[in-house]
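**Q** Coordinates in start-v7.cif, mmCIF, C-alpha atoms and all ligand atoms, are listed below.
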```
data_upload
loop_
_atom_site.group_PDB
_atom_site.id
_atom_site.type_symbol
_atom_site.label_atom_id
_atom_site.label_comp_id
_atom_site.auth_asym_id
_atom_site.auth_seq_id
_atom_site.Cartn_x
_atom_site.Cartn_y
_atom_site.Cartn_z
ATOM 1 C CA MET A 603 112.792 211.103 254.582
ATOM 2 C CA LYS A 604 112.672 214.783 255.439
ATOM 3 C CA ILE A 605 114.709 217.238 257.476
ATOM 4 C CA LEU A 606 113.693 220.055 259.784
ATOM 5 C CA SER A 607 115.890 223.093 260.187
ATOM 6 C CA LEU A 608 114.691 224.530 263.503
ATOM 7 C CA GLY A 609 116.637 227.711 263.763
ATOM 8 C CA SER A 610 117.233 231.379 263.215
ATOM 9 C CA LEU A 611 115.972 233.588 260.431
ATOM 10 C CA ASN A 612 117.879 236.878 260.376
ATOM 11 C CA ILE A 613 117.940 240.062 258.406
ATOM 12 C CA ASP A 614 121.641 240.561 257.658
ATOM 13 C CA PHE A 615 122.820 244.176 257.490
ATOM 14 C CA VAL A 616 126.099 243.894 255.629
ATOM 15 C CA TYR A 617 128.524 246.820 255.900
ATOM 16 C CA SER A 618 131.403 246.843 253.403
ATOM 17 C CA VAL A 619 134.502 248.182 255.150
ATOM 18 C CA GLY A 620 138.210 248.397 254.386
ATOM 19 C CA HIS A 621 139.068 246.471 257.529
ATOM 20 C CA ILE A 622 137.181 245.052 260.515
ATOM 21 C CA ASN A 623 136.669 247.739 263.140
ATOM 22 C CA LEU A 624 139.179 247.748 266.011
ATOM 23 C CA GLU A 625 138.252 248.398 269.622
ATOM 24 C CA GLY A 626 137.684 252.136 270.171
ATOM 25 C CA GLU A 627 137.846 252.890 266.430
ATOM 26 C CA THR A 628 135.169 254.585 264.301
ATOM 27 C CA ILE A 629 135.154 253.754 260.602
ATOM 28 C CA SER A 630 132.854 254.534 257.670
ATOM 29 C CA ALA A 631 131.231 251.820 255.595
ATOM 30 C CA ARG A 632 131.269 252.215 251.792
ATOM 31 C CA GLU A 633 127.967 250.438 251.367
ATOM 32 C CA ARG A 634 125.185 248.843 253.406
ATOM 33 C CA GLU A 635 123.148 245.977 252.019
ATOM 34 C CA CYS A 636 120.234 244.124 253.526
ATOM 35 C CA LYS A 637 120.195 240.375 252.861
ATOM 36 C CA PRO A 638 118.439 237.230 254.089
ATOM 37 C CA GLY A 639 120.442 235.241 256.637
ATOM 38 C CA GLY A 640 120.483 233.440 259.935
ATOM 39 C CA LYS A 641 122.142 230.074 260.316
ATOM 40 C CA GLY A 642 118.808 228.234 260.379
ATOM 41 C CA LEU A 643 117.618 229.872 257.169
ATOM 42 C CA ASN A 644 120.981 229.552 255.395
ATOM 43 C CA GLN A 645 121.294 225.872 256.245
ATOM 44 C CA ALA A 646 117.698 225.204 255.158
ATOM 45 C CA VAL A 647 118.456 226.861 251.805
ATOM 46 C CA ALA A 648 121.660 224.814 251.411
ATOM 47 C CA LEU A 649 119.789 221.584 252.195
ATOM 48 C CA ALA A 650 117.129 222.427 249.613
ATOM 49 C CA GLN A 651 119.694 223.425 246.978
ATOM 50 C CA ALA A 652 121.379 220.071 247.550
ATOM 51 C CA GLY A 653 118.100 218.264 246.904
ATOM 52 C CA ALA A 654 116.759 217.441 250.396
ATOM 53 C CA SER A 655 113.096 217.661 251.410
ATOM 54 C CA VAL A 656 113.377 220.516 253.933
ATOM 55 C CA PHE A 657 111.060 222.180 256.420
ATOM 56 C CA MET A 658 112.043 225.383 258.194
ATOM 57 C CA ALA A 659 110.664 226.115 261.664
ATOM 58 C CA GLY A 660 111.253 229.276 263.644
ATOM 59 C CA CYS A 661 109.796 232.692 264.346
ATOM 60 C CA VAL A 662 109.758 235.875 262.287
ATOM 61 C CA GLY A 663 108.290 239.297 262.963
ATOM 62 C CA PRO A 664 106.171 241.519 260.726
ATOM 63 C CA ASP A 665 109.430 242.386 258.903
ATOM 64 C CA GLY A 666 110.050 238.770 257.862
ATOM 65 C CA SER A 667 108.310 238.451 254.499
ATOM 66 C CA LYS A 668 111.548 238.595 252.467
ATOM 67 C CA LEU A 669 113.018 235.813 254.597
ATOM 68 C CA ILE A 670 110.038 233.549 253.965
ATOM 69 C CA GLU A 671 110.167 234.373 250.264
ATOM 70 C CA THR A 672 113.872 233.444 250.108
ATOM 71 C CA LEU A 673 113.153 230.051 251.653
ATOM 72 C CA GLN A 674 110.199 229.379 249.368
ATOM 73 C CA LEU A 675 112.158 230.324 246.240
ATOM 74 C CA SER A 676 114.723 227.690 247.214
ATOM 75 C CA GLY A 677 112.032 225.053 247.697
ATOM 76 C CA VAL A 678 111.928 225.032 251.520
ATOM 77 C CA ASP A 679 108.519 224.367 253.132
ATOM 78 C CA THR A 680 107.761 227.341 255.415
ATOM 79 C CA THR A 681 104.425 226.268 256.899
ATOM 80 C CA LEU A 682 106.113 225.772 260.296
ATOM 81 C CA VAL A 683 107.540 229.313 260.465
ATOM 82 C CA HIS A 684 105.531 231.337 263.006
ATOM 83 C CA LYS A 685 104.715 234.973 262.430
ATOM 84 C CA ILE A 686 104.792 236.903 265.709
ATOM 85 C CA ASP A 687 104.782 240.566 266.796
ATOM 86 C CA GLU A 688 108.447 240.738 267.855
ATOM 87 C CA PRO A 689 110.712 242.010 265.035
ATOM 88 C CA CYS A 690 112.965 239.509 263.257
ATOM 89 C CA GLY A 691 116.382 238.634 264.538
ATOM 90 C CA HIS A 692 119.138 240.505 262.747
ATOM 91 C CA ALA A 693 122.865 240.451 262.205
ATOM 92 C CA ILE A 694 125.257 243.351 261.836
ATOM 93 C CA ILE A 695 128.011 242.106 259.573
ATOM 94 C CA GLN A 696 131.225 243.905 258.771
ATOM 95 C CA LEU A 697 132.642 242.578 255.508
ATOM 96 C CA SER A 698 136.239 243.613 254.846
ATOM 97 C CA ASP A 699 138.031 244.020 251.519
ATOM 98 C CA SER A 700 139.821 240.723 252.150
ATOM 99 C CA GLY A 701 136.481 238.890 252.527
ATOM 100 C CA ALA A 702 136.790 238.475 256.304
ATOM 101 C CA ASN A 703 133.802 239.190 258.492
ATOM 102 C CA SER A 704 132.816 240.090 262.014
ATOM 103 C CA ILE A 705 129.222 239.461 263.082
ATOM 104 C CA ILE A 706 126.970 240.620 265.902
ATOM 105 C CA ILE A 707 123.591 238.925 266.135
ATOM 106 C CA TYR A 708 120.499 240.149 267.916
ATOM 107 C CA GLY A 709 118.010 237.346 268.635
ATOM 108 C CA GLY A 710 114.682 239.190 268.272
ATOM 109 C CA ALA A 711 111.911 236.787 267.195
ATOM 110 C CA ASN A 712 114.395 233.871 267.190
ATOM 111 C CA MET A 713 114.399 233.970 270.986
ATOM 112 C CA GLN A 714 110.608 233.542 271.204
ATOM 113 C CA ILE A 715 110.671 229.836 270.348
ATOM 114 C CA THR A 716 109.010 227.951 273.217
ATOM 115 C CA PRO A 717 108.709 224.292 274.233
ATOM 116 C CA GLN A 718 105.074 224.449 273.046
ATOM 117 C CA ILE A 719 106.132 225.568 269.560
ATOM 118 C CA ILE A 720 108.763 222.813 269.473
ATOM 119 C CA ASP A 721 106.254 220.140 270.585
ATOM 120 C CA ARG A 722 103.789 221.166 267.883
ATOM 121 C CA THR A 723 106.540 221.295 265.255
ATOM 122 C CA MET A 724 107.740 217.794 266.103
ATOM 123 C CA ASP A 725 104.265 216.378 265.409
ATOM 124 C CA PHE A 726 104.994 216.824 261.688
ATOM 125 C CA PHE A 727 108.018 214.513 261.778
ATOM 126 C CA ASP A 728 108.564 210.795 262.013
ATOM 127 C CA ALA A 729 111.232 208.623 263.560
ATOM 128 C CA ASP A 730 114.228 208.516 261.195
ATOM 129 C CA ASP A 731 113.617 212.025 259.872
ATOM 130 C CA TYR A 732 116.441 214.457 260.642
ATOM 131 C CA ILE A 733 116.546 217.683 262.620
ATOM 132 C CA LEU A 734 119.302 220.263 262.159
ATOM 133 C CA LEU A 735 119.853 222.752 264.977
ATOM 134 C CA GLN A 736 122.185 225.672 265.475
ATOM 135 C CA ASN A 737 122.675 227.865 268.548
ATOM 136 C CA GLU A 738 120.842 231.078 267.588
ATOM 137 C CA ILE A 739 117.375 230.355 269.048
ATOM 138 C CA SER A 740 115.800 229.806 272.457
ATOM 139 C CA CYS A 741 115.175 226.276 273.827
ATOM 140 C CA VAL A 742 117.858 224.447 271.811
ATOM 141 C CA ASP A 743 118.387 222.045 274.724
ATOM 142 C CA TYR A 744 114.670 221.210 274.800
ATOM 143 C CA ALA A 745 114.631 220.662 271.033
ATOM 144 C CA ILE A 746 117.558 218.217 271.218
ATOM 145 C CA ARG A 747 115.827 216.217 273.951
ATOM 146 C CA ILE A 748 112.392 216.056 272.312
ATOM 147 C CA ALA A 749 113.745 215.298 268.845
ATOM 148 C CA LYS A 750 115.753 212.398 270.230
ATOM 149 C CA GLU A 751 112.769 211.112 272.229
ATOM 150 C CA ARG A 752 110.746 211.055 269.003
ATOM 151 C CA GLY A 753 113.450 209.076 267.228
ATOM 152 C CA LEU A 754 114.758 211.803 264.897
ATOM 153 C CA LYS A 755 118.428 211.909 263.976
ATOM 154 C CA VAL A 756 119.863 215.012 265.617
ATOM 155 C CA ALA A 757 122.459 217.090 263.752
ATOM 156 C CA PHE A 758 123.872 220.047 265.651
ATOM 157 C CA ASN A 759 125.982 222.947 264.459
ATOM 158 C CA PRO A 760 126.959 224.487 267.836
ATOM 159 C CA SER A 761 127.357 227.981 266.481
ATOM 160 C CA PRO A 762 127.770 230.516 267.912
ATOM 161 C CA ILE A 763 129.430 229.158 271.041
ATOM 162 C CA SER A 764 127.701 230.280 274.243
ATOM 163 C CA ASP A 765 128.158 229.629 277.950
ATOM 164 C CA GLU A 766 124.941 227.569 278.085
ATOM 165 C CA LEU A 767 126.115 225.215 275.341
ATOM 166 C CA THR A 768 127.897 222.886 277.758
ATOM 167 C CA THR A 769 124.665 222.429 279.748
ATOM 168 C CA TYR A 770 122.812 221.050 276.678
ATOM 169 C CA PRO A 771 122.232 217.266 276.434
ATOM 170 C CA LEU A 772 125.002 216.959 273.844
ATOM 171 C CA GLU A 773 125.359 213.226 274.427
ATOM 172 C CA LEU A 774 122.094 212.912 272.424
ATOM 173 C CA VAL A 775 123.564 214.505 269.297
ATOM 174 C CA ASP A 776 124.101 212.101 266.399
ATOM 175 C CA ILE A 777 126.134 214.403 264.140
ATOM 176 C CA PHE A 778 128.176 217.428 265.138
ATOM 177 C CA ILE A 779 129.239 219.802 262.364
ATOM 178 C CA LEU A 780 131.508 222.453 263.800
ATOM 179 C CA ASN A 781 134.554 224.594 263.118
ATOM 180 C CA GLU A 782 137.917 224.480 264.880
ATOM 181 C CA LEU A 783 137.078 227.166 267.421
ATOM 182 C CA GLU A 784 133.777 225.521 268.294
ATOM 183 C CA GLY A 785 135.500 222.134 268.406
ATOM 184 C CA TYR A 786 138.275 223.442 270.645
ATOM 185 C CA THR A 787 135.804 224.981 273.085
ATOM 186 C CA LEU A 788 133.385 222.075 273.165
ATOM 187 C CA SER A 789 136.061 219.403 273.478
ATOM 188 C CA GLY A 790 137.764 221.054 276.450
ATOM 189 C CA CYS A 791 141.009 220.161 274.665
ATOM 190 C CA ASN A 792 144.115 222.098 275.668
ATOM 191 C CA SER A 793 145.765 221.790 272.272
ATOM 192 C CA THR A 794 144.773 223.679 269.132
ATOM 193 C CA ALA A 795 146.030 220.928 266.774
ATOM 194 C CA ASP A 796 143.196 219.688 264.520
ATOM 195 C CA SER A 797 143.921 216.035 265.266
ATOM 196 C CA ASP A 798 143.892 216.636 269.034
ATOM 197 C CA ILE A 799 140.581 218.486 268.807
ATOM 198 C CA ILE A 800 138.881 215.740 266.825
ATOM 199 C CA ASP A 801 140.323 213.044 269.123
ATOM 200 C CA ALA A 802 139.075 214.922 272.190
ATOM 201 C CA LEU A 803 135.611 215.347 270.660
ATOM 202 C CA ALA A 804 135.524 211.673 269.680
ATOM 203 C CA SER A 805 136.334 210.556 273.214
ATOM 204 C CA LYS A 806 133.883 213.018 274.798
ATOM 205 C CA PHE A 807 131.045 212.081 272.407
ATOM 206 C CA PRO A 808 131.792 208.449 271.480
ATOM 207 C CA GLN A 809 128.294 207.907 270.062
ATOM 208 C CA SER A 810 128.491 210.840 267.633
ATOM 209 C CA THR A 811 129.722 211.431 264.126
ATOM 210 C CA ILE A 812 131.970 214.488 264.118
ATOM 211 C CA VAL A 813 132.674 216.740 261.169
ATOM 212 C CA LEU A 814 135.275 219.392 261.900
ATOM 213 C CA THR A 815 135.556 222.165 259.319
ATOM 214 C CA LEU A 816 138.939 223.853 259.009
ATOM 215 C CA GLY A 817 138.325 226.715 256.563
ATOM 216 C CA GLU A 818 141.060 226.876 253.936
ATOM 217 C CA ARG A 819 142.550 223.642 255.348
ATOM 218 C CA GLY A 820 139.456 221.566 254.492
ATOM 219 C CA ALA A 821 137.563 219.259 256.855
ATOM 220 C CA LEU A 822 138.022 216.195 259.065
ATOM 221 C CA TYR A 823 135.480 213.436 259.698
ATOM 222 C CA HIS A 824 135.215 210.857 262.448
ATOM 223 C CA ASP A 825 132.739 208.101 263.172
ATOM 224 C CA SER A 826 133.004 204.691 264.823
ATOM 225 C CA GLN A 827 134.211 203.183 261.550
ATOM 226 C CA SER A 828 136.379 205.754 259.875
ATOM 227 C CA ASN A 829 138.555 208.820 260.092
ATOM 228 C CA LEU A 830 138.607 210.874 256.895
ATOM 229 C CA SER A 831 139.967 214.158 255.680
ATOM 230 C CA CYS A 832 139.157 216.390 252.740
ATOM 231 C CA SER A 833 141.250 219.263 251.373
ATOM 232 C CA ALA A 834 139.720 222.641 250.595
ATOM 233 C CA PHE A 835 139.646 224.086 247.075
ATOM 234 C CA LYS A 836 141.724 227.177 246.338
ATOM 235 C CA VAL A 837 139.298 229.948 245.405
ATOM 236 C CA PRO A 838 139.380 233.761 245.518
ATOM 237 C CA VAL A 839 137.676 234.932 248.710
ATOM 238 C CA VAL A 840 134.856 237.446 248.255
ATOM 239 C CA ASP A 841 132.795 236.770 251.386
ATOM 240 C CA THR A 842 133.073 233.838 253.791
ATOM 241 C CA THR A 843 129.682 234.554 255.431
ATOM 242 C CA GLY A 844 127.452 231.501 255.110
ATOM 243 C CA ALA A 845 130.216 229.181 253.836
ATOM 244 C CA GLY A 846 129.920 227.012 256.964
ATOM 245 C CA ASP A 847 126.138 226.928 256.567
ATOM 246 C CA THR A 848 126.517 225.828 252.947
ATOM 247 C CA PHE A 849 128.841 223.036 254.070
ATOM 248 C CA CYS A 850 126.375 221.882 256.762
ATOM 249 C CA GLY A 851 123.396 221.775 254.402
ATOM 250 C CA TYR A 852 125.216 220.010 251.582
ATOM 251 C CA PHE A 853 126.916 217.502 253.869
ATOM 252 C CA LEU A 854 123.664 216.510 255.560
ATOM 253 C CA ALA A 855 121.626 216.403 252.360
ATOM 254 C CA PHE A 856 124.096 213.943 250.846
ATOM 255 C CA THR A 857 124.334 211.937 254.078
ATOM 256 C CA MET A 858 120.542 211.595 254.061
ATOM 257 C CA LYS A 859 120.723 210.328 250.471
ATOM 258 C CA GLY A 860 122.960 207.520 251.736
ATOM 259 C CA VAL A 861 126.084 208.865 250.029
ATOM 260 C CA ALA A 862 129.374 207.721 251.593
ATOM 261 C CA PRO A 863 130.935 210.240 254.027
ATOM 262 C CA LYS A 864 133.991 210.826 251.793
ATOM 263 C CA LYS A 865 131.809 211.885 248.860
ATOM 264 C CA ALA A 866 129.491 213.966 251.102
ATOM 265 C CA LEU A 867 132.555 215.784 252.481
ATOM 266 C CA GLU A 868 133.869 216.483 248.981
ATOM 267 C CA ILE A 869 130.607 217.886 247.659
ATOM 268 C CA ALA A 870 130.054 220.007 250.800
ATOM 269 C CA THR A 871 133.595 221.374 250.553
ATOM 270 C CA LYS A 872 133.068 222.261 246.905
ATOM 271 C CA ALA A 873 129.695 223.929 247.574
ATOM 272 C CA SER A 874 131.174 226.034 250.376
ATOM 273 C CA ALA A 875 134.106 227.048 248.148
ATOM 274 C CA LEU A 876 131.613 228.337 245.584
ATOM 275 C CA ALA A 877 129.691 230.210 248.310
ATOM 276 C CA ILE A 878 132.885 232.052 249.281
ATOM 277 C CA GLY A 879 133.129 233.478 245.760
ATOM 278 C CA LYS A 880 129.899 235.456 246.129
ATOM 279 C CA LYS A 881 128.729 238.164 248.498
ATOM 280 C CA GLY A 882 125.997 237.395 251.054
ATOM 281 C CA ALA A 883 124.967 234.349 253.070
ATOM 282 C CA ALA A 884 121.790 232.647 251.748
ATOM 283 C CA VAL A 885 122.116 234.293 248.326
ATOM 284 C CA SER A 886 125.627 232.894 247.857
ATOM 285 C CA ILE A 887 124.627 229.246 248.271
ATOM 286 C CA PRO A 888 125.084 227.477 244.923
ATOM 287 C CA SER A 889 122.572 225.121 243.333
ATOM 288 C CA LEU A 890 123.478 221.468 242.923
ATOM 289 C CA THR A 891 123.694 221.988 239.168
ATOM 290 C CA GLN A 892 126.303 224.710 239.714
ATOM 291 C CA VAL A 893 128.237 222.548 242.156
ATOM 292 C CA GLU A 894 128.256 219.601 239.777
ATOM 293 C CA SER A 895 129.121 221.606 236.669
ATOM 294 C CA VAL A 896 132.060 223.620 238.015
ATOM 295 C CA THR A 897 135.565 222.202 238.141
ATOM 296 C CA LEU A 898 137.684 223.415 241.035
ATOM 297 C CA THR A 899 141.223 222.429 241.985
HETATM 298 O O1 LIG B 901 126.510 231.920 259.362
HETATM 299 C C1 LIG B 901 126.221 233.157 258.821
HETATM 300 C C2 LIG B 901 125.036 233.759 259.524
HETATM 301 O O2 LIG B 901 125.387 234.023 260.864
HETATM 302 C C3 LIG B 901 124.577 235.089 258.965
HETATM 303 O O3 LIG B 901 123.648 234.964 257.932
HETATM 304 C C4 LIG B 901 124.056 235.805 260.198
HETATM 305 O O4 LIG B 901 122.691 236.034 260.178
HETATM 306 C C5 LIG B 901 124.464 234.941 261.381
HETATM 307 O O5 LIG B 901 123.419 234.198 261.864
#
```
Starting from the file, lay out its structure as structure tokens.
Ligand code: RIB
**A**
Amino acid sequence: MKILSLGSLNIDFVYSVGHINLEGETISARERECKPGGKGLNQAVALAQAGASVFMAGCVGPDGSKLIETLQLSGVDTTLVHKIDEPCGHAIIQLSDSGANSIIIYGGANMQITPQIIDRTMDFFDADDYILLQNEISCVDYAIRIAKERGLKVAFNPSPISDELTTYPLELVDIFILNELEGYTLSGCNSTADSDIIDALASKFPQSTIVLTLGERGALYHDSQSNLSCSAFKVPVVDTTGAGDTFCGYFLAFTMKGVAPKKALEIATKASALAIGKKGAAVSIPSLTQVESVTLT
């Protein structure tokens, strides 16, 4: 069984700042670093680190060689990544001293994914393989529909939230992995309590498994048979960028291995805690050996 991450590949420009810029304010960054990122790429790397057989599909420009190299070094198959003339997507990330971030993304090549590319990509997959989608590329709605038609299991991380998101065929999604803000918006819930959000999502998408990540408060899980929760580990925060992507990749990789949801939640929570302790998105994703050898409380 294999998994396709059809998603964004970004060049992350990370600016280290004392605090996140306020409206109307000009601040100086201490340092600027250039790192591989994009939710599609990060989640593909996390899946591979967790031991899944992963294919990445998407589009990069002439400036994308480092992104491809990052994927390959992690063991991701990149034969389905298209090289086009449009420059790569990028992210401008402010990283504050407290480890908080603020991100602007520019789609670039990520927005050149067409139904034709998706059709051709799907030919490499069989019923019962998985697809993992995020919301940083063009034609996400088409990809959900076609993947489901071909019998793939559809996992969706609806990030970042956009106006179009509610027009997608979300009733076809098998597994949602999303944070509280995404859950609140997608559920249409008028309460911000975690339990209300997950209940509202469960009644809106009764056919779906829902994994709601809560940052330092851990994660909640719902499917037709169980409701579970998992506490977060207490770790010093260096950089939270990519922690959600690490969680997604690890959770799905272990789900695909047939591991029980409780255990998959625990390992994903631990992997994302380790990612928070290191700067960068893709480069902060720990290997399975690291995850298994470290003890956290
Ligand atoms: O989730 C983190 C990612 O969001 C970054 O790598 C950035 O590229 C944006 O896509």
**Q** Find the residues near ligand LIG 901 (chain B). Use a cut-off of 6 Å, count only C-alpha atoms and all ligand atoms, and write them as a ChimeraX atom specification.
**A** /A:612,614,639-641,693,843-844,847,883
**Q** Counting all atoms listed in the file, find residues at most 10 Å from (127.6, 227.5, 254.9) (file frame) and give them as an mmCIF file with C-alpha atoms, keeping the file's coordinate frame.
**A**
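Result file is point28.cif:
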```cif
data_model
loop_
_atom_site.group_PDB
_atom_site.id
_atom_site.type_symbol
_atom_site.label_atom_id
_atom_site.label_comp_id
_atom_site.auth_asym_id
_atom_site.auth_seq_id
_atom_site.Cartn_x
_atom_site.Cartn_y
_atom_site.Cartn_z
ATOM 1 C CA LYS A 641 122.142 230.074 260.316
ATOM 2 C CA ASN A 644 120.981 229.552 255.395
ATOM 3 C CA GLN A 645 121.294 225.872 256.245
ATOM 4 C CA VAL A 647 118.456 226.861 251.805
ATOM 5 C CA ALA A 648 121.660 224.814 251.411
ATOM 6 C CA THR A 842 133.073 233.838 253.791
ATOM 7 C CA THR A 843 129.682 234.554 255.431
ATOM 8 C CA GLY A 844 127.452 231.501 255.110
ATOM 9 C CA ALA A 845 130.216 229.181 253.836
ATOM 10 C CA GLY A 846 129.920 227.012 256.964
ATOM 11 C CA ASP A 847 126.138 226.928 256.567
ATOM 12 C CA THR A 848 126.517 225.828 252.947
ATOM 13 C CA PHE A 849 128.841 223.036 254.070
ATOM 14 C CA CYS A 850 126.375 221.882 256.762
ATOM 15 C CA GLY A 851 123.396 221.775 254.402
ATOM 16 C CA TYR A 852 125.216 220.010 251.582
ATOM 17 C CA ALA A 870 130.054 220.007 250.800
ATOM 18 C CA THR A 871 133.595 221.374 250.553
ATOM 19 C CA ALA A 873 129.695 223.929 247.574
ATOM 20 C CA SER A 874 131.174 226.034 250.376
ATOM 21 C CA ALA A 875 134.106 227.048 248.148
ATOM 22 C CA ALA A 877 129.691 230.210 248.310
ATOM 23 C CA ILE A 878 132.885 232.052 249.281
ATOM 24 C CA ALA A 883 124.967 234.349 253.070
ATOM 25 C CA ALA A 884 121.790 232.647 251.748
ATOM 26 C CA SER A 886 125.627 232.894 247.857
ATOM 27 C CA ILE A 887 124.627 229.246 248.271
#
```
**Q** Please indicate the distance in Å from atom CA of Gln892 of chain A to atom CA of Lys859 of chain A, rounded to one decimal place.
**A**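 Going from atom CA of Gln892 of chain A over to atom CA of Lys859 of chain A covers 18.8 Å.
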**Q** Let me know the residues the PyMOL selection byres (((chain A and resi 718-724) around 10) and not hetatm) catches in the file above, as a ChimeraX atom specification.
**A** /A:606,608,657-661,681-684,714-717,725-728,733,741-742,744-745,748-749,752,754
**Q** Near Lys685 of chain A, counting only C-alpha atoms, which residues have an atom at most 9 Å away, once you skip same-chain residues fewer than 2 positions from it, shown as JSON, numbers by chain?
**A** {"A": [660, 661, 662, 663, 664, 666, 683, 687, 688, 711]}
**Q** Can you list, as a ChimeraX atom specification, the residues that the PyMOL selection byres (((chain A and resi 821) around 8) and not hetatm) selects here?
**A** /A:813-817,819-820,822-823,831-834,867,871
**Q** Determine the nearest neighbour of Ala757 of chain A from the options A:Ala862, A:Val896, A:Ala795, A:Leu854, counting all atoms listed in the file.
**A**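 Among the listed residues, the smallest separation from Ala757 of chain A belongs to A:Leu854.
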